[in-house]
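What follows is a short report on a single structure.
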Amino acid sequence: MRTGRWSLAGQVFVLQLVLLALITALWAGFAVMDARRDSDGAAAREVTDIALSVAAAPSTVAAVRSADPSALLQPVTEQIRLATGMGFIVVMAPDRTRFTHTDPARIGRPFSGNIDRALAGATFTETYTGSLGPSIRAVTPVHDDGHVIALVSVGVTRTAIGDRFAAQLPAVLGVAAAGLFVAAVGSMLLNRRLRRQTRGLAPAQLWAMYEHHDAVLHAVHEGLMVFGPADDRAEVVNDEARRLLDLPDGPVTRADLPASFRHRDRETVRDETHVTADRVLLVNQDVVDLGSRASGTVTTIRDHTELRTVLGELDTVRSFAESLRAQAHESANRLHTVITMVELGRYREAVEFATAEIELSQALIDRLMAEVGDPVLVALLLGKVNQAAERDVELTVTADTALDSVTPLTSREAVSLVGNLIDNAIDAATGSADAWVEVTARADATALTVRVADSGPGIAPESFARAAERGYSTKARHHGLGLALVRGLVNRHGGTIGSVTAPESAVTVHIPRERDR
C-alpha cells in the first residue's frame, strides 16, 4: 500500500484507529493492574477488620480462658470464615499453638508465620506462604486485663483473590470495547469533515502548497513580523519574533508589542537598539510599497543580549585595566620620588610621603568594605573612583551608605545597575565646573535603594522616560541604552526608577525586598 495515493483524511483515519486501539489497550492494561492492586488493598483491609472483630469479641476471650478453647472457637470461626469467604481464621496461643484452623487436622500444631509484632500489641498485615499457600493475612492480639492471651490470624489466599479479580475482567473489557467503538465512530465523523475541508488532497500536495510560505518564515534566524495596511493586526509573526518579544500565541496586534515598538508603524528603521524586560534587540524595519494600496511594514529583529552583556563586561574590564594602568603610572612616579628623597637623605619626609597615599587609599577601602556588604560592588566602586578621577570628576560614596547585602539582586545585577548609573553620571558631569558624582546605597528590611547624583544638567522627565523605556542607537547619546538596561533590571524585580533635576541632578532606584520573603 503506497501512502502517497491516500488522501490526508484517509491516512488520518487509519492512524486514528491504530492510535485509539493502542490507547484503549493501554488503558485496559492499566485498569487491570489497578483493579488487581485494589483487590489486594481491599483484601488487606477486609482480613484486618475480621481479625480485629474476632479478637475483640468477649466470647473469644472466654473461650481462650476455658479448658478446651478449640471446642468453643472452631465452630464459630468456621461459620465466620464461610460467611466472609476467608481462606482461614486461626486463633492461637502466644506460643503459636493453633486453637482453630480450616483443616481440623492442623489444630494443635504450631502456626507458621510472623507473630512478633502482634505479641508486642500491634496489628499488622503481610503476604506469606503458609500451609494453604500464598495468602494476604492479618495478625492481631487478643487482650485480657492488659495482657496478650492469644492471637488471631485471618487470611485470604491468592487463589481466592485471583478468582475475585477474574470476575471483574468482563466489565473492564466491556468498558474498553465500548470506548473503542465510540472513539471509532467519532474518528469516522472527523474523517468525513476533514476530507471535505482538504478536498481530498494527499499530504504531498498540501505540503507543496505550504512549504513555499513556511520556508520564508524559517529560513532566516531572525524574528520577523509583517503588518498589513488594513489594521494593526500582524499578518505574519514567526516563532523567533514571538520568543524575542514574549508575544502570546494566536493573533498579534501592535498593542501586544513592547512599548518602544508600537509607534514605528510607518517608519523605516535601521539598526535601532530596543531593550525589553530581559533582552537587548537590534531592530530593522522597511516600509513595503504595495502600489495603489496602502503601505505595510516588514520588521526584522535580532537578539543582541549576549553581545551587549559581553561588551558590558569588556567595558568593565577595560575600565579596570585603565584604572590599574593609571595607578601603576602614579605608583611609579611616587616610587621614584621616594627613592630620590632617600638618596638625598630626607628619610623622614620620604616615609611621610610614602605612607600618606597608602593611608588615604586604605582608609577608602576600609570604609567601603565596612559600609558595602558585597566585595564585588566594592571593587566596582573603587574602580569607578579612579575612572572618574581620570576624567577630572570627583566620585564619592556618601557617609550614610549602609548596605549589608545586595539582596534581592545578584552581584552581577548589582554591578550592572550601579555601574550603568555611575557611568551615566560621570558622562553627564564631565565638563561641568567642579565636576562631581555622589553615590548612596542603602538597604533595610523592606527595600534596596541606590541614588546617584551628579553636577551635570540632568535629563528632562520626558527624555528620561523615553531613554529608560527604550535604548537608543549606540551612536546616540550615552544615557539611552544604559538607562534602558537599568529599567529592565528594575522592572524584573518589581522596583521603581525616577529622576530629578533640582536641587541637583539625581537618579534613584528602589527595589523591594518583600518579594524574596
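Every chain in the C-alpha cells takes a letter, A first, then B, and so on in the order presented; its residues are numbered from 1, and the ligands are numbered from 1 following the presented order.
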Inset, instruction - Select from range 61-253 of chain A everything DSSP, run on the backbone, classes as alpha helix (DSSP H), then give the selection as number ranges by chain. - result: A: 61-65, 69-84, 116-119, 158-197, 203-218, 239-245
Legend entry - Minimum-distance residue to Arg412 in chain A, chosen among A:Asp68, A:Thr340, A:Leu377, A:Gly87 (using only C-alpha atoms):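 Of the candidates, the smallest distance to Arg412 in chain A is held by A:Leu377.
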Inset, instruction - May I ask for the distance between CA of Pro229 in chain A and CA of Pro248 in chain A, given in Å to one decimal place? - result: 21.9 Å
Legend entry - Nearest candidate to Ala402 in chain A (options A:Ala435, A:Ile426, A:Ile50, A:Arg442; using only C-alpha atoms):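 Checking each candidate against Ala402 in chain A, we get A:Arg442 as the closest.
CA of Ala241 in chain A is positioned 11.2 Å from CA of Val220 in chain A.
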Inset, instruction - Can you work out the spacing between CA of Asp286 in chain A and CA of Val269 in chain A in Å, to one decimal? - result: 6.7 Å
Legend entry - Selection near Thr449 in chain A, 6 Å with only C-alpha atoms, sequence-local residues under 3 positions removed, as a PyMOL selection string: chain A and resi 441-442+509-510
Those residues with C-alpha atoms, as an mmCIF file, in the first residue's frame please?
```cif
data_model
loop_
_atom_site.group_PDB
_atom_site.id
_atom_site.type_symbol
_atom_site.label_atom_id
_atom_site.label_comp_id
_atom_site.auth_asym_id
_atom_site.auth_seq_id
_atom_site.Cartn_x
_atom_site.Cartn_y
_atom_site.Cartn_z
ATOM 1 C CA ALA A 441 23.381 52.828 48.573
ATOM 2 C CA ARG A 442 21.168 51.848 51.483
ATOM 3 C CA VAL A 509 16.238 53.288 42.230
ATOM 4 C CA HIS A 510 14.053 51.472 44.796
#
```
